[in-house]
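What's in start36.pdb: PDB, C-alpha atoms
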```
ATOM      1  CA  GLY A 220      84.994 102.743 153.288
ATOM      2  CA  GLN A 221      85.556 100.153 155.951
ATOM      3  CA  SER A 222      87.427 100.836 159.175
ATOM      4  CA  LEU A 223      87.724  99.891 162.827
ATOM      5  CA  GLU A 224      89.129 101.941 165.670
ATOM      6  CA  GLN A 225      90.461 100.618 168.937
ATOM      7  CA  PRO A 226      92.990 102.031 171.427
ATOM      8  CA  SER A 227      96.581 101.149 170.670
ATOM      9  CA  GLU A 228      97.520 100.302 174.253
ATOM     10  CA  VAL A 229      95.898  99.666 177.621
ATOM     11  CA  THR A 230      97.573  98.944 180.950
ATOM     12  CA  ALA A 231      96.116  97.420 184.116
ATOM     13  CA  VAL A 232      97.138  95.532 187.247
ATOM     14  CA  GLU A 233      96.496  91.931 188.162
ATOM     15  CA  GLY A 234      93.016  91.317 189.467
ATOM     16  CA  ALA A 235      91.584  94.447 187.874
ATOM     17  CA  ILE A 236      88.945  94.828 185.158
ATOM     18  CA  VAL A 237      89.731  96.344 181.777
ATOM     19  CA  GLN A 238      87.503  97.295 178.849
ATOM     20  CA  ILE A 239      88.766  97.524 175.273
ATOM     21  CA  ASN A 240      86.496  99.538 173.015
ATOM     22  CA  CYS A 241      86.001  99.132 169.295
ATOM     23  CA  THR A 242      84.088 101.307 166.867
ATOM     24  CA  TYR A 243      83.579 100.316 163.276
ATOM     25  CA  GLN A 244      82.421 101.736 159.988
ATOM     26  CA  THR A 245      81.193  99.528 157.179
ATOM     27  CA  SER A 246      78.293  99.149 154.793
ATOM     28  CA  GLY A 247      78.102  95.394 155.288
ATOM     29  CA  PHE A 248      77.982  94.049 158.834
ATOM     30  CA  TYR A 249      77.079  90.620 160.166
ATOM     31  CA  GLY A 250      78.800  90.595 163.544
ATOM     32  CA  LEU A 251      81.801  91.568 165.661
ATOM     33  CA  SER A 252      84.571  89.206 166.714
ATOM     34  CA  TRP A 253      87.456  89.424 169.172
ATOM     35  CA  TYR A 254      90.809  87.663 168.887
ATOM     36  CA  GLN A 255      93.768  87.401 171.243
ATOM     37  CA  GLN A 256      97.363  87.228 170.089
ATOM     38  CA  HIS A 257     100.395  86.694 172.313
ATOM     39  CA  ASP A 258     103.758  87.954 171.105
ATOM     40  CA  GLY A 259     105.141  85.614 168.474
ATOM     41  CA  GLY A 260     101.945  83.593 168.353
ATOM     42  CA  ALA A 261      98.909  83.240 166.163
ATOM     43  CA  PRO A 262      95.587  84.994 166.773
ATOM     44  CA  THR A 263      93.058  82.870 168.642
ATOM     45  CA  PHE A 264      89.295  83.309 168.708
ATOM     46  CA  LEU A 265      87.706  84.769 171.853
ATOM     47  CA  SER A 266      84.137  85.731 171.022
ATOM     48  CA  TYR A 267      81.600  86.615 168.355
ATOM     49  CA  ASN A 268      78.533  88.853 168.703
ATOM     50  CA  ALA A 269      75.958  88.714 165.935
ATOM     51  CA  LEU A 270      73.227  90.423 167.958
ATOM     52  CA  ASP A 271      73.135  93.376 170.336
ATOM     53  CA  GLY A 272      73.957  92.620 173.921
ATOM     54  CA  LEU A 273      76.491  90.982 176.155
ATOM     55  CA  GLU A 274      78.083  87.567 175.615
ATOM     56  CA  GLU A 275      79.956  86.062 178.563
ATOM     57  CA  THR A 276      82.628  83.382 178.402
ATOM     58  CA  GLY A 277      84.349  82.881 181.719
ATOM     59  CA  ARG A 278      86.407  85.945 182.645
ATOM     60  CA  PHE A 279      85.840  87.511 179.229
ATOM     61  CA  SER A 280      82.681  89.261 178.033
ATOM     62  CA  SER A 281      81.928  90.967 174.737
ATOM     63  CA  PHE A 282      79.284  93.555 173.995
ATOM     64  CA  LEU A 283      77.780  94.822 170.754
ATOM     65  CA  SER A 284      75.549  97.767 169.885
ATOM     66  CA  ARG A 285      74.756  97.693 166.182
ATOM     67  CA  SER A 286      72.935 101.026 166.296
ATOM     68  CA  ASP A 287      76.058 102.713 167.694
ATOM     69  CA  SER A 288      78.529 100.690 165.545
ATOM     70  CA  TYR A 289      80.309  99.948 168.799
ATOM     71  CA  GLY A 290      81.490  97.019 170.796
ATOM     72  CA  TYR A 291      83.820  96.221 173.643
ATOM     73  CA  LEU A 292      85.725  93.373 175.217
ATOM     74  CA  LEU A 293      85.656  93.193 179.007
ATOM     75  CA  LEU A 294      88.348  91.248 180.806
ATOM     76  CA  GLN A 295      87.802  90.560 184.501
ATOM     77  CA  GLU A 296      90.120  89.264 187.221
ATOM     78  CA  LEU A 297      93.116  90.081 185.055
ATOM     79  CA  GLN A 298      96.027  87.661 185.100
ATOM     80  CA  MET A 299      99.580  88.134 183.882
ATOM     81  CA  LYS A 300      98.886  85.683 181.052
ATOM     82  CA  ASP A 301      96.261  88.099 179.688
ATOM     83  CA  SER A 302      99.093  90.387 178.523
ATOM     84  CA  ALA A 303      98.638  90.202 174.764
ATOM     85  CA  SER A 304      97.227  92.064 171.783
ATOM     86  CA  TYR A 305      93.474  92.044 171.279
ATOM     87  CA  PHE A 306      91.869  92.568 167.898
ATOM     88  CA  CYS A 307      88.291  93.390 167.073
ATOM     89  CA  ALA A 308      87.059  92.371 163.640
ATOM     90  CA  PHE A 309      83.757  92.732 161.836
ATOM     91  CA  LEU A 310      82.257  90.108 159.587
ATOM     92  CA  ASP A 311      81.411  91.454 156.152
ATOM     93  CA  THR A 312      79.432  88.727 154.317
ATOM     94  CA  ASP A 313      82.150  86.071 154.123
ATOM     95  CA  LYS A 314      85.319  87.716 155.417
ATOM     96  CA  LEU A 315      86.644  89.211 158.635
ATOM     97  CA  ILE A 316      88.171  92.690 158.566
ATOM     98  CA  PHE A 317      90.464  93.349 161.519
ATOM     99  CA  GLY A 318      91.329  96.442 163.487
ATOM    100  CA  THR A 319      94.922  97.392 164.254
ATOM    101  CA  GLY A 320      94.815  95.850 167.714
ATOM    102  CA  THR A 321      95.104  96.901 171.352
ATOM    103  CA  ARG A 322      98.147  95.889 173.318
ATOM    104  CA  LEU A 323      97.220  95.021 176.905
ATOM    105  CA  GLN A 324      99.945  95.044 179.512
ATOM    106  CA  VAL A 325      99.086  93.559 182.904
ATOM    107  CA  PHE A 326     101.341  94.527 185.794
ATOM    108  CA  PRO A 327     101.719  92.661 189.102
TER     109      PRO A 327
ATOM    110  CA  ASN B  32      94.324  66.934 164.463
ATOM    111  CA  ALA B  33      96.964  69.299 163.130
ATOM    112  CA  GLY B  34      94.494  72.156 162.475
ATOM    113  CA  VAL B  35      96.024  74.700 160.089
ATOM    114  CA  THR B  36      99.587  74.085 158.939
ATOM    115  CA  GLN B  37     101.674  76.673 157.106
ATOM    116  CA  THR B  38     104.813  75.913 155.101
ATOM    117  CA  PRO B  39     107.482  77.281 155.263
ATOM    118  CA  LYS B  40     107.733  78.959 158.666
ATOM    119  CA  PHE B  41     110.602  81.223 157.620
ATOM    120  CA  ARG B  42     111.926  82.327 154.248
ATOM    121  CA  VAL B  43     114.353  84.929 152.966
ATOM    122  CA  LEU B  44     113.992  86.052 149.371
ATOM    123  CA  LYS B  45     115.810  88.440 147.106
ATOM    124  CA  THR B  46     113.855  91.141 145.284
ATOM    125  CA  GLY B  47     112.327  89.718 142.141
ATOM    126  CA  GLN B  48     112.317  86.081 143.243
ATOM    127  CA  SER B  49     109.116  84.092 143.369
ATOM    128  CA  MET B  50     107.775  81.750 146.006
ATOM    129  CA  THR B  51     104.659  79.957 147.191
ATOM    130  CA  LEU B  52     103.312  79.690 150.712
ATOM    131  CA  LEU B  53     101.282  76.573 151.413
ATOM    132  CA  CYS B  54      98.382  76.373 153.841
ATOM    133  CA  ALA B  55      96.791  73.042 154.683
ATOM    134  CA  GLN B  56      93.821  72.381 156.976
ATOM    135  CA  ASP B  57      92.418  69.071 158.133
ATOM    136  CA  MET B  58      89.112  70.331 159.561
ATOM    137  CA  ASN B  59      87.096  70.134 156.332
ATOM    138  CA  HIS B  60      86.495  73.891 156.461
ATOM    139  CA  GLU B  61      84.988  75.608 153.442
ATOM    140  CA  TYR B  62      86.478  79.056 154.013
ATOM    141  CA  MET B  63      90.188  79.834 153.883
ATOM    142  CA  TYR B  64      92.042  83.137 154.186
ATOM    143  CA  TRP B  65      95.457  84.697 153.798
ATOM    144  CA  TYR B  66      96.334  87.696 155.990
ATOM    145  CA  ARG B  67      99.515  89.660 156.391
ATOM    146  CA  GLN B  68     100.558  91.280 159.649
ATOM    147  CA  ASP B  69     102.890  94.248 159.886
ATOM    148  CA  PRO B  70     103.804  96.216 163.018
ATOM    149  CA  GLY B  71     101.037  98.672 163.875
ATOM    150  CA  MET B  72      98.895  97.568 160.931
ATOM    151  CA  GLY B  73      96.947  94.712 162.402
ATOM    152  CA  LEU B  74      95.871  91.861 160.145
ATOM    153  CA  ARG B  75      95.093  92.763 156.561
ATOM    154  CA  LEU B  76      93.241  90.380 154.286
ATOM    155  CA  ILE B  77      95.084  89.510 151.062
ATOM    156  CA  HIS B  78      92.864  86.911 149.371
ATOM    157  CA  TYR B  79      90.289  84.421 150.482
ATOM    158  CA  SER B  80      88.286  81.443 149.291
ATOM    159  CA  VAL B  81      84.758  80.349 150.132
ATOM    160  CA  GLY B  82      85.167  76.860 148.702
ATOM    161  CA  GLU B  83      87.212  74.598 146.472
ATOM    162  CA  GLY B  84      87.940  76.241 143.149
ATOM    163  CA  THR B  85      86.961  79.757 144.302
ATOM    164  CA  THR B  86      89.106  82.776 145.189
ATOM    165  CA  ALA B  87      88.391  86.421 145.901
ATOM    166  CA  LYS B  88      90.395  89.574 146.556
ATOM    167  CA  GLY B  89      90.731  91.045 150.001
ATOM    168  CA  GLU B  90      91.993  94.425 151.181
ATOM    169  CA  VAL B  91      95.573  94.203 149.875
ATOM    170  CA  PRO B  92      95.670  91.732 146.936
ATOM    171  CA  ASP B  93      98.233  93.446 144.671
ATOM    172  CA  GLY B  94     101.417  91.459 144.089
ATOM    173  CA  TYR B  95      99.858  88.165 145.243
ATOM    174  CA  ASN B  96      98.017  85.300 143.604
ATOM    175  CA  VAL B  97      96.181  82.372 145.166
ATOM    176  CA  SER B  98      94.787  79.011 144.220
ATOM    177  CA  ARG B  99      92.380  76.575 145.906
ATOM    178  CA  LEU B 100      92.532  73.465 143.764
ATOM    179  CA  LYS B 101      91.795  71.179 146.709
ATOM    180  CA  LYS B 102      89.486  71.962 149.596
ATOM    181  CA  GLN B 103      92.170  71.387 152.200
ATOM    182  CA  ASN B 104      94.884  73.523 150.575
ATOM    183  CA  PHE B 105      95.175  77.249 149.914
ATOM    184  CA  LEU B 106      98.315  78.497 148.170
ATOM    185  CA  LEU B 107      99.621  82.063 148.243
ATOM    186  CA  GLY B 108     102.072  83.023 145.512
ATOM    187  CA  LEU B 109     104.432  85.940 145.113
ATOM    188  CA  GLU B 110     105.497  86.187 141.454
ATOM    189  CA  SER B 111     108.123  88.912 141.903
ATOM    190  CA  ALA B 112     108.872  89.632 145.538
ATOM    191  CA  ALA B 113     109.385  93.211 146.728
ATOM    192  CA  PRO B 114     110.773  94.504 150.047
ATOM    193  CA  SER B 115     107.282  95.852 150.829
ATOM    194  CA  GLN B 116     106.122  92.237 151.032
ATOM    195  CA  THR B 117     108.335  91.578 154.038
ATOM    196  CA  SER B 118     105.783  90.533 156.628
ATOM    197  CA  VAL B 119     104.336  87.745 158.710
ATOM    198  CA  TYR B 120     101.719  85.835 156.754
ATOM    199  CA  PHE B 121      98.874  84.022 158.487
ATOM    200  CA  CYS B 122      96.555  81.516 156.942
ATOM    201  CA  ALA B 123      93.195  80.813 158.542
ATOM    202  CA  SER B 124      90.265  78.520 157.918
ATOM    203  CA  SER B 125      86.658  78.571 159.059
ATOM    204  CA  PRO B 126      83.480  76.529 158.699
ATOM    205  CA  GLY B 127      81.412  79.660 158.295
ATOM    206  CA  ALA B 128      83.557  82.821 158.231
ATOM    207  CA  ASN B 129      82.818  84.061 161.757
ATOM    208  CA  VAL B 130      85.231  81.850 163.747
ATOM    209  CA  LEU B 131      88.724  81.585 162.276
ATOM    210  CA  THR B 132      91.414  79.076 163.164
ATOM    211  CA  PHE B 133      94.842  80.463 162.339
ATOM    212  CA  GLY B 134      98.058  78.748 161.401
ATOM    213  CA  ALA B 135     101.299  79.529 163.231
ATOM    214  CA  GLY B 136     102.414  82.042 160.621
ATOM    215  CA  SER B 137     105.123  82.314 157.981
ATOM    216  CA  ARG B 138     107.769  85.000 158.378
ATOM    217  CA  LEU B 139     108.953  86.285 155.009
ATOM    218  CA  THR B 140     111.864  88.676 154.502
ATOM    219  CA  VAL B 141     112.534  90.198 151.089
ATOM    220  CA  LEU B 142     115.967  91.751 150.682
TER     221      LEU B 142
END
```
Starting from the file, give its structure as structure tokens.
Amino acid sequence: GQSLEQPSEVTAVEGAIVQINCTYQTSGFYGLSWYQQHDGGAPTFLSYNALDGLEETGRFSSFLSRSDSYGYLLLQELQMKDSASYFCAFLDTDKLIFGTGTRLQVFP
Amino acid sequence: NAGVTQTPKFRVLKTGQSMTLLCAQDMNHEYMYWYRQDPGMGLRLIHYSVGEGTTAKGEVPDGYNVSRLKKQNFLLGLESAAPSQTSVYFCASSPGANVLTFGAGSRLTVL
């Protein structure tokens, strides 16, 4: 079957660095995506990794290891506005399958 | 550009009633998706479309039907609503499946 696992909740303080891990299981895999969702809002795209390695976009970085079926999202210089849910999702041919999400709480 | 627009934003139904959720996108995207989001369950794919006139089943298609008669519109129908279909429904579109743009969501309550 297809599945993704990520921690349900992570807490950190402003200015810190946090890593959200994601492991997946699927027979069809084209890449790993990350989305952010604030309470009451819609998910918004953060990053997509098709190949192994690290992709950096400002304070956010995403990593993929296809051989380990593993990826992570790294958030640096945390700000209060980063408090949100973060979803990993793998691309299976022409559709994204999402994990259950990680709720990040940033404290002052 | 409006992006992805969902109609209605809120709806309350009685068990057994039918309704249609409309999703419209103005980005000329080929791919369109319907997800439902429940507490602790993440986003689950209901149905999707890879182009005008096409539809395919996702992870949780039972109780729903879809149509993509025009490229810019993707309709999600509930023929006989059940309390288990109480959820927040998100539509999304994409030029190539890996980067989705979501609508604001439609909150549906079935009594």
Fill in: Separation of atom CA of B:Gly127 from atom CA of A:Ser227 in Å
29.1 Å
Fill in: A:Tyr267 surroundings by all atoms listed in the file, 9 Å radius, close-in-sequence under 3 positions cut, as a PyMOL selection string
(chain A and resi 250-253+264+274+281) or (chain B and resi 129-130)
Worksheet item: Any chance you could work out the residue set of the ChimeraX specification (/A :<8) & /B here, as number ranges by chain?
Response: B: 71-76, 79, 81, 121, 127-136
Practice prompt. Step by step, work through what the PyMOL selection byres ((chain A and resi 290-302) around 7) selects in the shown file, and finish by giving those residues as an NGL selection string.
Written response: :A and (233-242 or 278-284 or 289 or 303 or 323-326)
Discussion item. Quick one: residues within 10 Å of B:Asp69, all atoms listed in the file, excluding same-chain residues fewer than 6 positions away - as a ChimeraX atom specification?
Written reply: /A:319 /B:75,116-120
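Selection by the PyMOL selection byres ((chain B and resi 103) around 6) on the present file picks out Ala55, Gln56, Lys101, Lys102 and Asn104 of chain B.
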